[in-house]
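Chemist: The following block contains the structure, expressed as structure tokens.
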Amino acid sequence: MEFRQLGGSGLKVPVLCFGTGTFGGRGEFFGSWGKNGVDDARRLVDICLEAGVNFFDSANTYSDGLSEEILGKAIAGRRDKVLISTKGSFRFGQGPNDVGSSRHFLVSAVEGSLKRLGTDYIDVYQLHGFDAQTPIFEALRTLDDLVRAGKIRYVGCSNFSGWHLMKSLAIADQYGFSRYVAHQAYYSLVGREFEWELMPLGLEEKVGTLVWSPLGWGRLGGKVRRGQPLPAESRLHTKITVDEGPPVPNEHVYKVVDALDEIAKETGKTVAQISLNWLLGRPTVSSVIFGARNEEQLRQNIGAVGWKLTPEQRAKLDEVSATTPVYPYWHQRLFERNPPPV
């Protein structure tokens with residue numbers, strides 16, 4: 001298993017990170033991901049550790065905290081062998097202060113995650129989204145206090161826009177607060193908007209990318225193809241995915257999958273493995289977060305490492321998945337003094 005530094009930090013993480021969204025299965029949305037209980041989760045963790053995948057990602061909102069609870073039980077007795085990433089900021093309760101990045105909520109959220117995970121520290125703690133109502137200074141000061149208290153070791157963010165992240169980094173530098181070393185972001189062969197601004201920012205400011213939903217919300221798992229119905233078990237059936245998931249025209253998905261099928265024949269790898277491997281060759285990517293309902297899916301996804309696409313295969317995927325960026329990015333590419341897109 002290859003390990004990479006997480007952004008500008010000294011922490012090294014495996015290039016694959018196991019996402020625990022399939023643990024618990026509470027509610028329609030997470031139930032469509034998977035329903036792994038403690039015994040199943042412990043077996044999946046065993047397989048991960050055997051393969052060198054010692055990085056596990058969760059969030060307090062995954063199955064209303066049940067994902068963290070199950071992860072905690074699955075790693076019991078081997079906390080020193082694993083790295084844990086979890087997140088907070090999304091609503092967790094019905095009160096007016098049970099959401100966001102205020103000191104009030106973050107302290108409570110971290111304490112709750114520590115209890116559910118059965119640990120006294122979190123390796124990487126990330127704000128799950130940008131809270132526009134809480135001053136950035138307050139959020140960063142709180143995270144820094146939690147680092148100094150030993151409850152979290154590194155801080156990151158998730159789903160920030162470019163200016164959210166850059167302003168946060170500037171304030172952290174100004175006051176000597178712990179800096180975001182990671183940005184957990186959506187990025188896939190059918191969702192490359194991350195490259196327009198967040199990737200160049202990550203390169204410039206040494207912020208590592210933890211990629212979520214690398215298979216485009218299941219579109220690149222190998223079961224979505226032209227002229228075929230969606231698989232019976234798929235998050236693409238759920239209302240929240242239809243209403244809030246990343247929109248991708250079907251024809252664009254089919255075009256990318258056609259290219260993936262061609263490369264699958266050349267390499268003997270699966271569509272999912274090729275999709276993950278492509279991401280591992282992209283700038284700023286420290287680790288790719290993948291999920292699995294069962295052992296078979298897990299072993300297949302782990303098979304995305306240990307080999308490389310050829311330059312010609314990468315170029316084919318780059319070309320077929322490219323889309324015209326929105327303004328001002330398409331215009332910036334016309335200016336000769338701007339670097340070519342990464």
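Every chain in the structure tokens has a letter given in the order shown (A, B, ...), and although residue numbers restart at 1 in each chain, ligands are simply numbered from 1 in the order shown.
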Near A:Tyr125, counting only C-alpha atoms, which residues have an atom at most 7 Å away, once you skip same-chain residues fewer than 6 positions from it, shown as a ChimeraX atom specification?

Modeler: /A:85-87,152,154-156

Chemist: Would you export the selected residues with C-alpha atoms as a JSON list (two decimals), in the first residue's frame, please?

Modeler:
[["chain", "number", "residue", "atom", "x", "y", "z"],
["A", 85, "SER", "CA", -11.20, 10.77, 10.26],
["A", 86, "THR", "CA", -14.63, 12.10, 11.14],
["A", 87, "LYS", "CA", -16.67, 15.22, 10.52],
["A", 152, "ILE", "CA", -7.97, 16.14, 17.62],
["A", 154, "TYR", "CA", -5.13, 17.52, 12.45],
["A", 155, "VAL", "CA", -7.92, 19.69, 11.06],
["A", 156, "GLY", "CA", -9.52, 19.75, 7.67]]

Chemist: Counting only C-alpha atoms, what is within 12 Å of A:His104, bar same-chain residues fewer than 4 positions away, as a PDB file with N, CA and C atoms, in the first residue's frame?

Modeler:
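Here's the written file result_0.pdb:
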ATOM      1  N   SER A  89     -20.597  19.507  11.646  1.00  0.00           N
ATOM      2  CA  SER A  89     -21.113  20.806  11.182  1.00  0.00           C
ATOM      3  C   SER A  89     -22.545  20.674  10.695  1.00  0.00           C
ATOM      4  N   GLY A  95     -32.338  21.431  18.005  1.00  0.00           N
ATOM      5  CA  GLY A  95     -32.235  22.760  18.581  1.00  0.00           C
ATOM      6  C   GLY A  95     -31.595  23.766  17.639  1.00  0.00           C
ATOM      7  N   PRO A  96     -31.770  25.052  17.907  1.00  0.00           N
ATOM      8  CA  PRO A  96     -31.215  26.094  17.028  1.00  0.00           C
ATOM      9  C   PRO A  96     -29.689  26.093  17.000  1.00  0.00           C
ATOM     10  N   ASN A  97     -29.033  25.528  17.999  1.00  0.00           N
ATOM     11  CA  ASN A  97     -27.576  25.483  18.042  1.00  0.00           C
ATOM     12  C   ASN A  97     -26.998  24.107  17.723  1.00  0.00           C
ATOM     13  N   ASP A  98     -27.842  23.207  17.250  1.00  0.00           N
ATOM     14  CA  ASP A  98     -27.381  21.848  16.951  1.00  0.00           C
ATOM     15  C   ASP A  98     -26.925  21.714  15.497  1.00  0.00           C
ATOM     16  N   VAL A  99     -26.235  22.712  15.013  1.00  0.00           N
ATOM     17  CA  VAL A  99     -25.781  22.722  13.623  1.00  0.00           C
ATOM     18  C   VAL A  99     -24.729  23.809  13.485  1.00  0.00           C
ATOM     19  N   GLY A 100     -23.819  23.629  12.541  1.00  0.00           N
ATOM     20  CA  GLY A 100     -22.875  24.695  12.220  1.00  0.00           C
ATOM     21  C   GLY A 100     -21.487  24.489  12.797  1.00  0.00           C
ATOM     22  N   SER A 108     -19.314  20.276  21.411  1.00  0.00           N
ATOM     23  CA  SER A 108     -20.265  19.199  21.670  1.00  0.00           C
ATOM     24  C   SER A 108     -20.128  18.083  20.634  1.00  0.00           C
ATOM     25  N   ALA A 109     -19.957  18.464  19.370  1.00  0.00           N
ATOM     26  CA  ALA A 109     -19.850  17.473  18.297  1.00  0.00           C
ATOM     27  C   ALA A 109     -18.613  16.605  18.463  1.00  0.00           C
ATOM     28  N   VAL A 110     -17.484  17.217  18.780  1.00  0.00           N
ATOM     29  CA  VAL A 110     -16.251  16.453  18.967  1.00  0.00           C
ATOM     30  C   VAL A 110     -16.370  15.519  20.166  1.00  0.00           C
ATOM     31  N   GLU A 111     -16.917  16.014  21.272  1.00  0.00           N
ATOM     32  CA  GLU A 111     -17.093  15.168  22.451  1.00  0.00           C
ATOM     33  C   GLU A 111     -17.997  13.980  22.129  1.00  0.00           C
ATOM     34  N   THR A 134     -21.391  31.562  11.194  1.00  0.00           N
ATOM     35  CA  THR A 134     -20.403  31.606  12.276  1.00  0.00           C
ATOM     36  C   THR A 134     -19.127  32.259  11.767  1.00  0.00           C
ATOM     37  N   GLU A 138     -13.988  32.236  14.841  1.00  0.00           N
ATOM     38  CA  GLU A 138     -14.530  31.428  15.943  1.00  0.00           C
ATOM     39  C   GLU A 138     -14.358  29.940  15.677  1.00  0.00           C
ATOM     40  N   ALA A 139     -14.653  29.516  14.459  1.00  0.00           N
ATOM     41  CA  ALA A 139     -14.520  28.096  14.117  1.00  0.00           C
ATOM     42  C   ALA A 139     -13.067  27.645  14.219  1.00  0.00           C
ATOM     43  N   THR A 142     -11.755  27.518  17.824  1.00  0.00           N
ATOM     44  CA  THR A 142     -12.278  26.353  18.519  1.00  0.00           C
ATOM     45  C   THR A 142     -11.520  25.090  18.108  1.00  0.00           C
ATOM     46  N   LEU A 143     -11.308  24.911  16.811  1.00  0.00           N
ATOM     47  CA  LEU A 143     -10.566  23.746  16.335  1.00  0.00           C
ATOM     48  C   LEU A 143      -9.147  23.744  16.895  1.00  0.00           C
TER      49      LEU A 143
END

Chemist: May I have the residues within 8 Å of A:Phe55 as a PyMOL selection string, using only C-alpha atoms and disregarding those fewer than 2 positions away in the same chain?

Modeler: chain A and resi 13-14+16-18+53+57+82-85

Chemist: Enumerate, as a ChimeraX atom specification, the complete set of residues in stretch 52-249 of chain A that a backbone-based DSSP assignment places in strand (DSSP E or B).

Modeler: /A:55-57,83-88,122-127,152-158,180-186,188,191,208-212

Chemist: Using only C-alpha atoms for the distances, tell me which of A:Val124, A:Leu44, A:Leu11, A:Met1 is nearest to A:Gly306.

Modeler: A:Met1
